[in-house]
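Peer 1: This is input.csv, which holds CSV, C-alpha atoms and all ligand atoms:
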chain,number,residue,atom,x,y,z
A,1,MET,CA,95.6,167.9,142.5
A,2,GLU,CA,94.2,165.5,145.0
A,3,ILE,CA,96.3,162.3,145.1
A,4,ILE,CA,94.4,159.3,146.4
A,5,VAL,CA,96.8,156.3,147.0
A,6,ARG,CA,95.2,152.9,147.6
A,7,GLU,CA,96.7,149.5,148.2
A,8,ASN,CA,95.9,148.1,144.8
A,9,ALA,CA,94.1,148.7,141.5
A,10,GLU,CA,90.9,146.9,142.6
A,11,ILE,CA,90.4,149.1,145.7
A,12,ALA,CA,91.3,152.3,143.8
A,13,SER,CA,89.0,151.4,140.8
A,14,LYS,CA,86.1,150.6,143.1
A,15,GLN,CA,86.5,153.9,144.9
A,16,ALA,CA,86.8,155.9,141.7
A,17,GLY,CA,83.7,154.1,140.4
A,18,LYS,CA,81.8,154.9,143.5
A,19,TYR,CA,82.8,158.5,143.3
A,20,ILE,CA,81.7,158.8,139.6
A,21,ALA,CA,78.4,156.9,140.4
A,22,ASN,CA,77.6,159.4,143.1
A,23,LYS,CA,78.1,162.2,140.7
A,24,ILE,CA,75.7,160.6,138.2
A,25,ARG,CA,73.2,160.0,141.0
A,26,HIS,CA,73.3,163.6,142.1
A,27,ALA,CA,73.1,165.3,138.7
A,28,ASN,CA,69.9,165.8,136.8
A,29,ASP,CA,71.8,165.0,133.6
A,30,ILE,CA,75.5,164.8,133.2
A,31,VAL,CA,78.0,164.8,130.4
A,32,LEU,CA,80.9,162.4,131.0
A,33,GLY,CA,84.2,162.4,129.2
A,34,LEU,CA,85.3,158.7,129.0
A,35,ALA,CA,88.6,156.9,128.5
A,36,THR,CA,89.7,153.5,127.2
A,37,GLY,CA,92.8,151.4,127.8
A,38,GLY,CA,93.5,148.7,130.3
A,39,THR,CA,93.3,151.0,133.3
A,40,PRO,CA,89.6,152.1,133.6
A,41,VAL,CA,88.2,148.6,133.0
A,42,LYS,CA,87.7,147.8,136.7
A,43,MET,CA,86.2,151.2,137.3
A,44,TYR,CA,83.7,150.5,134.6
A,45,ASN,CA,83.0,147.1,136.2
A,46,GLU,CA,82.1,149.0,139.4
A,47,LEU,CA,79.7,151.2,137.5
A,48,VAL,CA,78.0,148.2,135.8
A,49,ARG,CA,77.8,146.5,139.2
A,50,GLN,CA,76.1,149.5,140.7
A,51,HIS,CA,73.7,149.6,137.8
A,52,LYS,CA,72.8,146.0,138.3
A,53,GLU,CA,72.8,145.8,142.1
A,54,GLU,CA,72.2,149.3,143.3
A,55,GLY,CA,69.9,150.9,140.8
A,56,LEU,CA,72.4,153.3,139.3
A,57,SER,CA,70.7,154.7,136.2
A,58,PHE,CA,72.5,156.1,133.1
A,59,ALA,CA,69.3,157.3,131.5
A,60,LYS,CA,70.3,160.9,131.9
A,61,VAL,CA,74.0,160.4,131.0
A,62,SER,CA,75.6,161.5,127.8
A,63,SER,CA,79.2,160.9,127.0
A,64,PHE,CA,82.1,161.9,124.7
A,65,ASN,CA,85.1,159.6,124.5
A,66,LEU,CA,88.6,161.0,124.4
A,67,ASP,CA,89.9,159.3,121.3
A,68,GLU,CA,89.6,156.7,118.5
A,69,TYR,CA,92.0,154.9,116.1
A,70,ILE,CA,91.8,156.1,112.5
A,71,GLY,CA,90.9,153.2,110.2
A,72,LEU,CA,89.1,150.9,112.6
A,73,THR,CA,85.3,150.5,112.3
A,74,GLY,CA,83.2,150.6,115.4
A,75,ASP,CA,82.7,146.8,115.3
A,76,HIS,CA,86.5,146.1,115.2
A,77,ASP,CA,87.2,144.6,118.5
A,78,GLN,CA,90.1,147.0,119.2
A,79,SER,CA,88.2,150.1,118.3
A,80,TYR,CA,87.4,152.3,121.2
A,81,ARG,CA,83.7,152.3,120.2
A,82,TYR,CA,83.7,148.5,120.6
A,83,PHE,CA,85.6,148.9,123.9
A,84,MET,CA,83.0,151.3,125.4
A,85,ASN,CA,80.1,149.1,124.2
A,86,ASP,CA,81.7,146.0,125.6
A,87,ASN,CA,82.9,147.4,128.9
A,88,LEU,CA,80.0,149.8,129.8
A,89,PHE,CA,77.3,150.8,127.3
A,90,ASN,CA,76.0,147.3,126.6
A,91,HIS,CA,75.5,146.6,130.3
A,92,VAL,CA,73.7,149.8,131.5
A,93,ASP,CA,70.6,151.8,130.6
A,94,ILE,CA,72.4,154.4,128.6
A,95,ASP,CA,70.9,155.8,125.4
A,96,LYS,CA,73.6,154.8,122.9
A,97,SER,CA,72.6,157.7,120.6
A,98,LYS,CA,73.9,160.0,123.4
A,99,THR,CA,77.3,158.3,123.5
A,100,ARG,CA,79.9,159.7,121.2
A,101,VAL,CA,83.3,158.3,120.2
A,102,PRO,CA,85.2,160.1,117.4
A,103,ASN,CA,84.5,158.4,114.0
A,104,GLY,CA,87.8,156.9,113.0
A,105,MET,CA,86.4,156.0,109.6
A,106,ALA,CA,85.4,159.6,108.7
A,107,GLU,CA,86.4,160.6,105.2
A,108,ASP,CA,87.0,164.2,106.2
A,109,ILE,CA,88.9,164.1,109.5
A,110,PRO,CA,89.2,167.9,110.2
A,111,THR,CA,85.4,168.2,109.7
A,112,GLU,CA,84.8,165.2,112.0
A,113,CYS,CA,87.0,166.9,114.6
A,114,ALA,CA,85.4,170.3,114.4
A,115,ALA,CA,81.9,168.7,114.6
A,116,TYR,CA,83.0,166.7,117.7
A,117,GLU,CA,84.1,170.0,119.4
A,118,GLU,CA,80.8,171.6,118.4
A,119,ASP,CA,78.7,168.8,119.7
A,120,MET,CA,80.6,168.9,123.1
A,121,LYS,CA,79.9,172.6,123.3
A,122,ASN,CA,76.3,172.2,122.4
A,123,ALA,CA,76.0,169.5,125.1
A,124,GLY,CA,77.1,172.1,127.6
A,125,GLY,CA,80.7,170.8,128.0
A,126,VAL,CA,82.1,167.8,129.9
A,127,ALA,CA,81.2,167.8,133.6
A,128,LEU,CA,83.5,165.0,134.6
A,129,GLN,CA,86.4,163.7,132.4
A,130,VAL,CA,87.9,160.3,133.1
A,131,LEU,CA,91.6,159.9,132.1
A,132,GLY,CA,94.2,157.2,131.9
A,133,LEU,CA,97.8,158.0,131.5
A,134,GLY,CA,100.3,156.8,128.8
A,135,THR,CA,103.7,155.8,129.9
A,136,ASP,CA,105.1,158.6,127.8
A,137,GLY,CA,102.8,161.1,129.6
A,138,HIS,CA,100.0,161.2,127.1
A,139,ILE,CA,96.4,162.0,128.1
A,140,GLY,CA,93.9,161.0,125.5
A,141,PHE,CA,96.3,160.4,122.6
A,142,ASN,CA,98.1,163.7,123.1
A,143,GLU,CA,101.6,162.6,122.7
A,144,PRO,CA,104.7,164.5,123.9
A,145,GLY,CA,105.1,167.7,121.9
A,146,SER,CA,101.3,168.2,121.6
A,147,SER,CA,100.3,171.8,122.0
A,148,LEU,CA,99.0,172.4,125.5
A,149,ALA,CA,96.2,174.4,123.9
A,150,SER,CA,95.3,171.8,121.3
A,151,ARG,CA,91.7,170.9,120.2
A,152,THR,CA,90.3,167.7,118.8
A,153,ARG,CA,92.4,166.6,115.8
A,154,ILE,CA,94.5,163.9,114.2
A,155,LYS,CA,97.6,162.7,115.9
A,156,THR,CA,100.3,160.2,115.0
A,157,LEU,CA,101.1,157.7,117.8
A,158,THR,CA,104.6,157.4,119.1
A,159,LYS,CA,106.5,154.2,118.7
A,160,GLN,CA,106.3,153.8,122.5
A,161,THR,CA,102.5,154.0,122.5
A,162,CYS,CA,102.2,151.6,119.6
A,163,GLU,CA,104.4,149.1,121.5
A,164,ASP,CA,102.4,149.7,124.7
A,165,ASN,CA,99.1,149.0,122.9
A,166,ALA,CA,100.4,146.1,120.7
A,167,ARG,CA,99.3,143.8,123.6
A,168,PHE,CA,95.7,144.3,122.6
A,169,PHE,CA,96.4,143.4,118.9
A,170,ASN,CA,97.8,140.3,117.2
A,171,SER,CA,101.0,142.2,116.4
A,172,ILE,CA,102.5,145.7,116.5
A,173,ALA,CA,102.0,145.9,112.7
A,174,GLU,CA,98.2,145.9,113.3
A,175,VAL,CA,98.2,148.9,115.7
A,176,PRO,CA,97.0,151.9,113.7
A,177,ILE,CA,99.5,154.8,113.7
A,178,HIS,CA,96.9,157.6,113.5
A,179,CYS,CA,94.1,158.6,115.8
A,180,ILE,CA,91.6,161.3,116.5
A,181,THR,CA,91.9,162.7,120.0
A,182,MET,CA,90.4,165.5,122.1
A,183,GLY,CA,93.1,168.1,122.5
A,184,ILE,CA,94.7,169.1,125.7
A,185,GLY,CA,92.8,172.4,125.6
A,186,THR,CA,89.6,170.4,125.1
A,187,ILE,CA,90.4,168.1,128.1
A,188,MET,CA,91.3,171.1,130.3
A,189,GLU,CA,87.8,172.6,129.8
A,190,ALA,CA,86.1,169.7,131.7
A,191,GLU,CA,84.7,171.0,135.0
A,192,GLU,CA,86.3,168.1,136.9
A,193,ILE,CA,88.9,165.4,136.0
A,194,VAL,CA,89.4,161.9,137.5
A,195,LEU,CA,92.7,160.2,136.4
A,196,LEU,CA,93.5,156.6,137.1
A,197,ALA,CA,96.9,155.0,136.9
A,198,PHE,CA,98.1,151.7,138.2
A,199,GLY,CA,101.2,149.5,138.4
A,200,GLU,CA,104.9,150.1,138.7
A,201,GLY,CA,105.1,150.8,134.9
A,202,LYS,CA,103.3,154.1,135.6
A,203,ALA,CA,105.5,155.2,138.6
A,204,ASP,CA,107.9,157.3,136.6
A,205,VAL,CA,105.2,159.1,134.7
A,206,ILE,CA,103.1,159.7,137.8
A,207,LYS,CA,106.1,161.4,139.5
A,208,GLU,CA,106.7,163.5,136.4
A,209,MET,CA,103.0,164.5,136.1
A,210,VAL,CA,102.7,165.5,139.7
A,211,GLU,CA,106.1,166.9,140.5
A,212,GLY,CA,107.7,167.7,137.1
A,213,ALA,CA,107.7,171.1,135.4
A,214,ILE,CA,104.7,171.8,133.2
A,215,SER,CA,105.8,171.0,129.7
A,216,ALA,CA,104.4,169.6,126.4
A,217,GLU,CA,107.2,167.0,126.8
A,218,CYS,CA,104.9,165.3,129.3
A,219,PRO,CA,101.4,166.5,128.4
A,220,ALA,CA,99.8,165.2,131.6
A,221,THR,CA,101.8,167.9,133.6
A,222,ILE,CA,99.2,170.4,132.4
A,223,LEU,CA,96.8,168.9,134.9
A,224,GLN,CA,98.7,170.8,137.6
A,225,MET,CA,96.9,173.8,136.1
A,226,HIS,CA,93.4,172.4,136.5
A,227,PRO,CA,91.5,173.4,139.6
A,228,ASN,CA,89.6,170.1,140.2
A,229,VAL,CA,91.6,166.9,139.6
A,230,LYS,CA,91.5,163.7,141.5
A,231,ILE,CA,94.3,161.1,140.8
A,232,PHE,CA,93.5,157.6,141.9
A,233,ILE,CA,96.6,155.5,142.0
A,234,ASP,CA,97.8,152.3,143.6
A,235,ASP,CA,100.9,151.9,145.8
A,236,ALA,CA,103.0,150.7,142.9
A,237,ALA,CA,102.2,153.7,140.7
A,238,ALA,CA,102.7,156.1,143.7
A,239,ALA,CA,106.1,154.6,144.7
A,240,LYS,CA,108.3,157.4,143.3
A,241,LEU,CA,106.4,160.4,144.6
A,242,THR,CA,108.6,162.6,146.8
A,243,HIS,CA,105.6,163.7,148.9
A,244,LEU,CA,103.9,160.3,149.1
A,245,GLU,CA,103.6,160.3,152.9
A,246,TYR,CA,102.0,163.8,152.8
A,247,HIS,CA,99.5,162.7,150.1
A,248,LYS,CA,98.5,159.8,152.3
A,249,TYR,CA,98.3,162.1,155.4
A,250,VAL,CA,96.0,164.5,153.6
A,251,TYR,CA,93.7,161.7,152.5
A,252,ASN,CA,93.6,160.2,156.0
A,253,ASN,CA,92.8,163.5,157.6
A,254,LYS,CA,90.1,164.8,155.3
A,255,PRO,CA,87.4,166.7,157.1
A,256,ALA,CA,84.2,164.7,157.2
A,257,TRP,CA,82.5,167.0,154.7
A,258,GLN,CA,85.2,166.4,152.2
A,259,GLN,CA,85.2,162.6,152.4
A,260,PHE,CA,83.8,160.5,149.6
B,301,LIG,C1,95.9,154.6,125.5
B,301,LIG,C2,94.7,155.6,125.4
B,301,LIG,C3,94.7,156.5,126.6
B,301,LIG,C4,95.0,155.7,127.8
B,301,LIG,C5,96.5,155.3,127.8
B,301,LIG,C6,96.9,154.3,128.8
B,301,LIG,O1,96.5,154.3,124.4
B,301,LIG,N1,94.5,156.3,124.2
B,301,LIG,O2,93.4,157.2,126.7
B,301,LIG,O3,94.8,156.4,129.0
B,301,LIG,O4,96.9,154.9,126.5
B,301,LIG,O5,96.6,153.0,128.5
B,301,LIG,P1,96.5,151.9,129.6
B,301,LIG,O6,95.4,152.2,130.5
B,301,LIG,O7,96.2,150.6,128.8
B,301,LIG,O8,97.8,151.8,130.3
In structure tokens, how does this file's structure come out?
Peer 2:
Amino acid sequence: MEIIVRENAEIASKQAGKYIANKIRHANDIVLGLATGGTPVKMYNELVRQHKEEGLSFAKVSSFNLDEYIGLTGDHDQSYRYFMNDNLFNHVDIDKSKTRVPNGMAEDIPTECAAYEEDMKNAGGVALQVLGLGTDGHIGFNEPGSSLASRTRIKTLTKQTCEDNARFFNSIAEVPIHCITMGIGTIMEAEEIVLLAFGEGKADVIKEMVEGAISAECPATILQMHPNVKIFIDDAAAAKLTHLEYHKYVYNNKPAWQQF
């Protein structure tokens, strides 16, 4: 795990955006795994800025999103399809037919999930997966207790996640309790992972993810087993890390060829 601690969410998001933009620039075509939530918005803003001001093209990008609420149509303003269109796809030159978000309105959920996995496989797998982090340690919507080998499937959201996400809805009663999410096993197959987490509300879970024992109790701890993960966090989210000074020292002393 490479821990990149920056002063605030703006600076960390911009840097993560630049990193991802360079990956897009240097690939002939690239399959991205994309995340929603409040955290990645500023990173998407940076990608859009680079498209508008620096010629970053998404013409050869295809994407698979991590998750979607069951029961929300793509034009519902809290669906993750709507979020992706609104925060990224509508503002860049991506071919929307190459962007996939699980269909939360599918009549046959297991068939939808199996097809999603199959499509990912046929696309050659995810090259770079963006992740946020739930306060309960979820990645995607893989709540505590999720199998660390799980594949795309239905999940039931915890009360804590419903409460966290209620801020985007008119009331907690409107938050769907079911979702489709890539599994932890699915996420772990990405060649590279970029996780973002900001604010003091994420400090405990960041400490657990980086320093805790690997356990389904905190699904994000499985990322300790992935060979290529970058964690972009701000000072507030990093505050409880035991080896914070070491992580900063490593970052400040990267050999030139490793810098980005
Ligand atoms: C959401 C999403 C996750 C996201 C996480 C954190 O519910 N399903 O993909 O990473 O919870 O959300 P936020 O970035 O708003 O804190």
Peer 1: Using all atoms listed in the file, can you tell me which of A:Glu191, A:Asp77, A:Glu2, A:Glu163 comes closest to ligand LIG 301 (chain B)?
Peer 2: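 Closest to ligand LIG 301 (chain B) of all the choices is A:Glu163.
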Peer 1: Please identify the residues whose atoms come within 8 Å of ligand LIG 301 (chain B), using only C-alpha atoms and all ligand atoms, and report them as a compact mmCIF listing (two decimals) with C-alpha atoms, in the coordinates of the input.
Peer 2:
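New file pocket09.txt:
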# COMPACT_ATOMS: atom_id res chain seq x y z
CA ALA A 35 88.60 156.90 128.50
CA THR A 36 89.70 153.50 127.20
CA GLY A 37 92.80 151.40 127.80
CA GLY A 38 93.50 148.70 130.30
CA THR A 39 93.30 151.00 133.30
CA PRO A 40 89.60 152.10 133.60
CA LEU A 66 88.60 161.00 124.40
CA ASP A 67 89.90 159.30 121.30
CA GLU A 68 89.60 156.70 118.50
CA LEU A 131 91.60 159.90 132.10
CA GLY A 132 94.20 157.20 131.90
CA LEU A 133 97.80 158.00 131.50
CA GLY A 134 100.30 156.80 128.80
CA THR A 135 103.70 155.80 129.90
CA HIS A 138 100.00 161.20 127.10
CA ILE A 139 96.40 162.00 128.10
CA GLY A 140 93.90 161.00 125.50
CA PHE A 141 96.30 160.40 122.60
CA THR A 161 102.50 154.00 122.50
CA CYS A 162 102.20 151.60 119.60
CA ASP A 164 102.40 149.70 124.70
CA ASN A 165 99.10 149.00 122.90
CA ALA A 197 96.90 155.00 136.90
CA PHE A 198 98.10 151.70 138.20
CA LYS A 202 103.30 154.10 135.60
Peer 1: Would you work out the distance separating CA of Glu200 (chain A) from CA of Lys248 (chain A), expressed in Å to one decimal?
Peer 2: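 According to the coordinates, CA of Glu200 (chain A) and CA of Lys248 (chain A) are separated by 17.9 Å.
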Peer 1: State, in Å with one decimal place, the distance from CA of Gly33 (chain A) to CA of Tyr82 (chain A).
Peer 2: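 For CA of Gly33 (chain A) relative to CA of Tyr82 (chain A), the distance reads 16.4 Å.
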Peer 1: Need the neighbours of (102.3, 171.5, 134.0): which residues are at most 7 Å away, counting all atoms listed in the file, as a PyMOL selection string?
Peer 2: chain A and resi 213-215+221-225
Peer 1: Next, dump the selected residues to file, keeping only C-alpha atoms, as a PDB file, in the coordinates of the input.
Peer 2:
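Output saved as again_32.pdb:
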ATOM      1  CA  ALA A 213     107.700 171.100 135.400  1.00  0.00           C
ATOM      2  CA  ILE A 214     104.700 171.800 133.200  1.00  0.00           C
ATOM      3  CA  SER A 215     105.800 171.000 129.700  1.00  0.00           C
ATOM      4  CA  THR A 221     101.800 167.900 133.600  1.00  0.00           C
ATOM      5  CA  ILE A 222      99.200 170.400 132.400  1.00  0.00           C
ATOM      6  CA  LEU A 223      96.800 168.900 134.900  1.00  0.00           C
ATOM      7  CA  GLN A 224      98.700 170.800 137.600  1.00  0.00           C
ATOM      8  CA  MET A 225      96.900 173.800 136.100  1.00  0.00           C
TER       9      MET A 225
END
Peer 1: Quick one: pull the distance between CA of Cys113 (chain A) and CA of Val210 (chain A), Å, one decimal.
Peer 2: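 Computing the Euclidean distance for CA of Cys113 (chain A) and CA of Val210 (chain A) yields 29.6 Å.
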Peer 1: Tell me which of A:Asp204, A:Met120, A:Asn252, A:Glu217 sits closest to Ala238 (chain A), counting only C-alpha atoms.
Peer 2: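 Checking each candidate against Ala238 (chain A), we get A:Asp204 as the closest.
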Peer 1: Once you've located region 10-21 of chain A in the structure I gave, write it as a PDB file, in the first residue's frame, keeping all heavy atoms.
Peer 2:
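This is the output file decode-v4.pdb:
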ATOM      1  N   GLU A  10      -8.797  18.880  -1.561  1.00  0.00           N
ATOM      2  CA  GLU A  10      -8.632  19.511  -2.877  1.00  0.00           C
ATOM      3  C   GLU A  10      -7.314  19.063  -3.512  1.00  0.00           C
ATOM      4  O   GLU A  10      -7.270  18.621  -4.653  1.00  0.00           O
ATOM      5  CB  GLU A  10      -8.624  21.051  -2.768  1.00  0.00           C
ATOM      6  CG  GLU A  10      -9.983  21.694  -2.600  1.00  0.00           C
ATOM      7  CD  GLU A  10     -10.601  21.447  -1.239  1.00  0.00           C
ATOM      8  OE1 GLU A  10      -9.840  21.164  -0.273  1.00  0.00           O
ATOM      9  OE2 GLU A  10     -11.830  21.509  -1.125  1.00  0.00           O
ATOM     10  N   ILE A  11      -6.241  19.214  -2.734  1.00  0.00           N
ATOM     11  CA  ILE A  11      -4.912  18.900  -3.264  1.00  0.00           C
ATOM     12  C   ILE A  11      -4.797  17.396  -3.558  1.00  0.00           C
ATOM     13  O   ILE A  11      -4.305  16.989  -4.611  1.00  0.00           O
ATOM     14  CB  ILE A  11      -3.821  19.367  -2.269  1.00  0.00           C
ATOM     15  CG1 ILE A  11      -3.811  20.900  -2.219  1.00  0.00           C
ATOM     16  CG2 ILE A  11      -2.444  18.827  -2.643  1.00  0.00           C
ATOM     17  CD1 ILE A  11      -2.946  21.491  -1.123  1.00  0.00           C
ATOM     18  N   ALA A  12      -5.284  16.567  -2.648  1.00  0.00           N
ATOM     19  CA  ALA A  12      -5.203  15.110  -2.846  1.00  0.00           C
ATOM     20  C   ALA A  12      -6.041  14.681  -4.049  1.00  0.00           C
ATOM     21  O   ALA A  12      -5.623  13.823  -4.840  1.00  0.00           O
ATOM     22  CB  ALA A  12      -5.665  14.391  -1.583  1.00  0.00           C
ATOM     23  N   SER A  13      -7.219  15.283  -4.216  1.00  0.00           N
ATOM     24  CA  SER A  13      -8.108  14.911  -5.329  1.00  0.00           C
ATOM     25  C   SER A  13      -7.491  15.300  -6.660  1.00  0.00           C
ATOM     26  O   SER A  13      -7.580  14.571  -7.653  1.00  0.00           O
ATOM     27  CB  SER A  13      -9.462  15.613  -5.202  1.00  0.00           C
ATOM     28  OG  SER A  13     -10.091  15.243  -4.019  1.00  0.00           O
ATOM     29  N   LYS A  14      -6.883  16.477  -6.682  1.00  0.00           N
ATOM     30  CA  LYS A  14      -6.253  16.960  -7.910  1.00  0.00           C
ATOM     31  C   LYS A  14      -5.089  16.039  -8.296  1.00  0.00           C
ATOM     32  O   LYS A  14      -4.928  15.671  -9.452  1.00  0.00           O
ATOM     33  CB  LYS A  14      -5.746  18.384  -7.694  1.00  0.00           C
ATOM     34  CG  LYS A  14      -5.729  19.217  -8.946  1.00  0.00           C
ATOM     35  CD  LYS A  14      -5.486  20.681  -8.596  1.00  0.00           C
ATOM     36  CE  LYS A  14      -5.094  21.504  -9.794  1.00  0.00           C
ATOM     37  NZ  LYS A  14      -6.024  21.584 -10.876  1.00  0.00           N
ATOM     38  N   GLN A  15      -4.345  15.632  -7.304  1.00  0.00           N
ATOM     39  CA  GLN A  15      -3.206  14.755  -7.574  1.00  0.00           C
ATOM     40  C   GLN A  15      -3.680  13.380  -8.054  1.00  0.00           C
ATOM     41  O   GLN A  15      -3.129  12.813  -8.998  1.00  0.00           O
ATOM     42  CB  GLN A  15      -2.334  14.613  -6.326  1.00  0.00           C
ATOM     43  CG  GLN A  15      -1.045  13.873  -6.626  1.00  0.00           C
ATOM     44  CD  GLN A  15      -0.115  13.798  -5.441  1.00  0.00           C
ATOM     45  OE1 GLN A  15      -0.519  14.099  -4.316  1.00  0.00           O
ATOM     46  NE2 GLN A  15       1.112  13.384  -5.670  1.00  0.00           N
ATOM     47  N   ALA A  16      -4.715  12.858  -7.406  1.00  0.00           N
ATOM     48  CA  ALA A  16      -5.259  11.559  -7.842  1.00  0.00           C
ATOM     49  C   ALA A  16      -5.801  11.683  -9.262  1.00  0.00           C
ATOM     50  O   ALA A  16      -5.600  10.798 -10.106  1.00  0.00           O
ATOM     51  CB  ALA A  16      -6.354  11.107  -6.886  1.00  0.00           C
ATOM     52  N   GLY A  17      -6.478  12.803  -9.554  1.00  0.00           N
ATOM     53  CA  GLY A  17      -7.017  13.038 -10.898  1.00  0.00           C
ATOM     54  C   GLY A  17      -5.903  13.071 -11.931  1.00  0.00           C
ATOM     55  O   GLY A  17      -6.023  12.493 -13.012  1.00  0.00           O
ATOM     56  N   LYS A  18      -4.817  13.755 -11.578  1.00  0.00           N
ATOM     57  CA  LYS A  18      -3.677  13.834 -12.508  1.00  0.00           C
ATOM     58  C   LYS A  18      -3.093  12.450 -12.754  1.00  0.00           C
ATOM     59  O   LYS A  18      -2.732  12.101 -13.875  1.00  0.00           O
ATOM     60  CB  LYS A  18      -2.579  14.732 -11.923  1.00  0.00           C
ATOM     61  CG  LYS A  18      -2.830  16.175 -12.198  1.00  0.00           C
ATOM     62  CD  LYS A  18      -1.623  17.033 -11.832  1.00  0.00           C
ATOM     63  CE  LYS A  18      -1.947  18.483 -12.167  1.00  0.00           C
ATOM     64  NZ  LYS A  18      -1.252  19.453 -11.368  1.00  0.00           N
ATOM     65  N   TYR A  19      -2.980  11.687 -11.688  1.00  0.00           N
ATOM     66  CA  TYR A  19      -2.423  10.343 -11.807  1.00  0.00           C
ATOM     67  C   TYR A  19      -3.274   9.492 -12.759  1.00  0.00           C
ATOM     68  O   TYR A  19      -2.759   8.818 -13.662  1.00  0.00           O
ATOM     69  CB  TYR A  19      -2.340   9.691 -10.417  1.00  0.00           C
ATOM     70  CG  TYR A  19      -1.760   8.310 -10.464  1.00  0.00           C
ATOM     71  CD1 TYR A  19      -0.388   8.124 -10.627  1.00  0.00           C
ATOM     72  CD2 TYR A  19      -2.577   7.185 -10.388  1.00  0.00           C
ATOM     73  CE1 TYR A  19       0.153   6.847 -10.714  1.00  0.00           C
ATOM     74  CE2 TYR A  19      -2.044   5.917 -10.466  1.00  0.00           C
ATOM     75  CZ  TYR A  19      -0.681   5.746 -10.623  1.00  0.00           C
ATOM     76  OH  TYR A  19      -0.147   4.486 -10.717  1.00  0.00           O
ATOM     77  N   ILE A  20      -4.584   9.540 -12.561  1.00  0.00           N
ATOM     78  CA  ILE A  20      -5.496   8.743 -13.392  1.00  0.00           C
ATOM     79  C   ILE A  20      -5.477   9.263 -14.834  1.00  0.00           C
ATOM     80  O   ILE A  20      -5.453   8.484 -15.795  1.00  0.00           O
ATOM     81  CB  ILE A  20      -6.917   8.744 -12.791  1.00  0.00           C
ATOM     82  CG1 ILE A  20      -6.887   8.028 -11.432  1.00  0.00           C
ATOM     83  CG2 ILE A  20      -7.924   8.097 -13.728  1.00  0.00           C
ATOM     84  CD1 ILE A  20      -8.104   8.242 -10.564  1.00  0.00           C
ATOM     85  N   ALA A  21      -5.447  10.588 -14.984  1.00  0.00           N
ATOM     86  CA  ALA A  21      -5.411  11.182 -16.331  1.00  0.00           C
ATOM     87  C   ALA A  21      -4.174  10.698 -17.092  1.00  0.00           C
ATOM     88  O   ALA A  21      -4.253  10.377 -18.279  1.00  0.00           O
ATOM     89  CB  ALA A  21      -5.410  12.706 -16.227  1.00  0.00           C
TER      90      ALA A  21
END
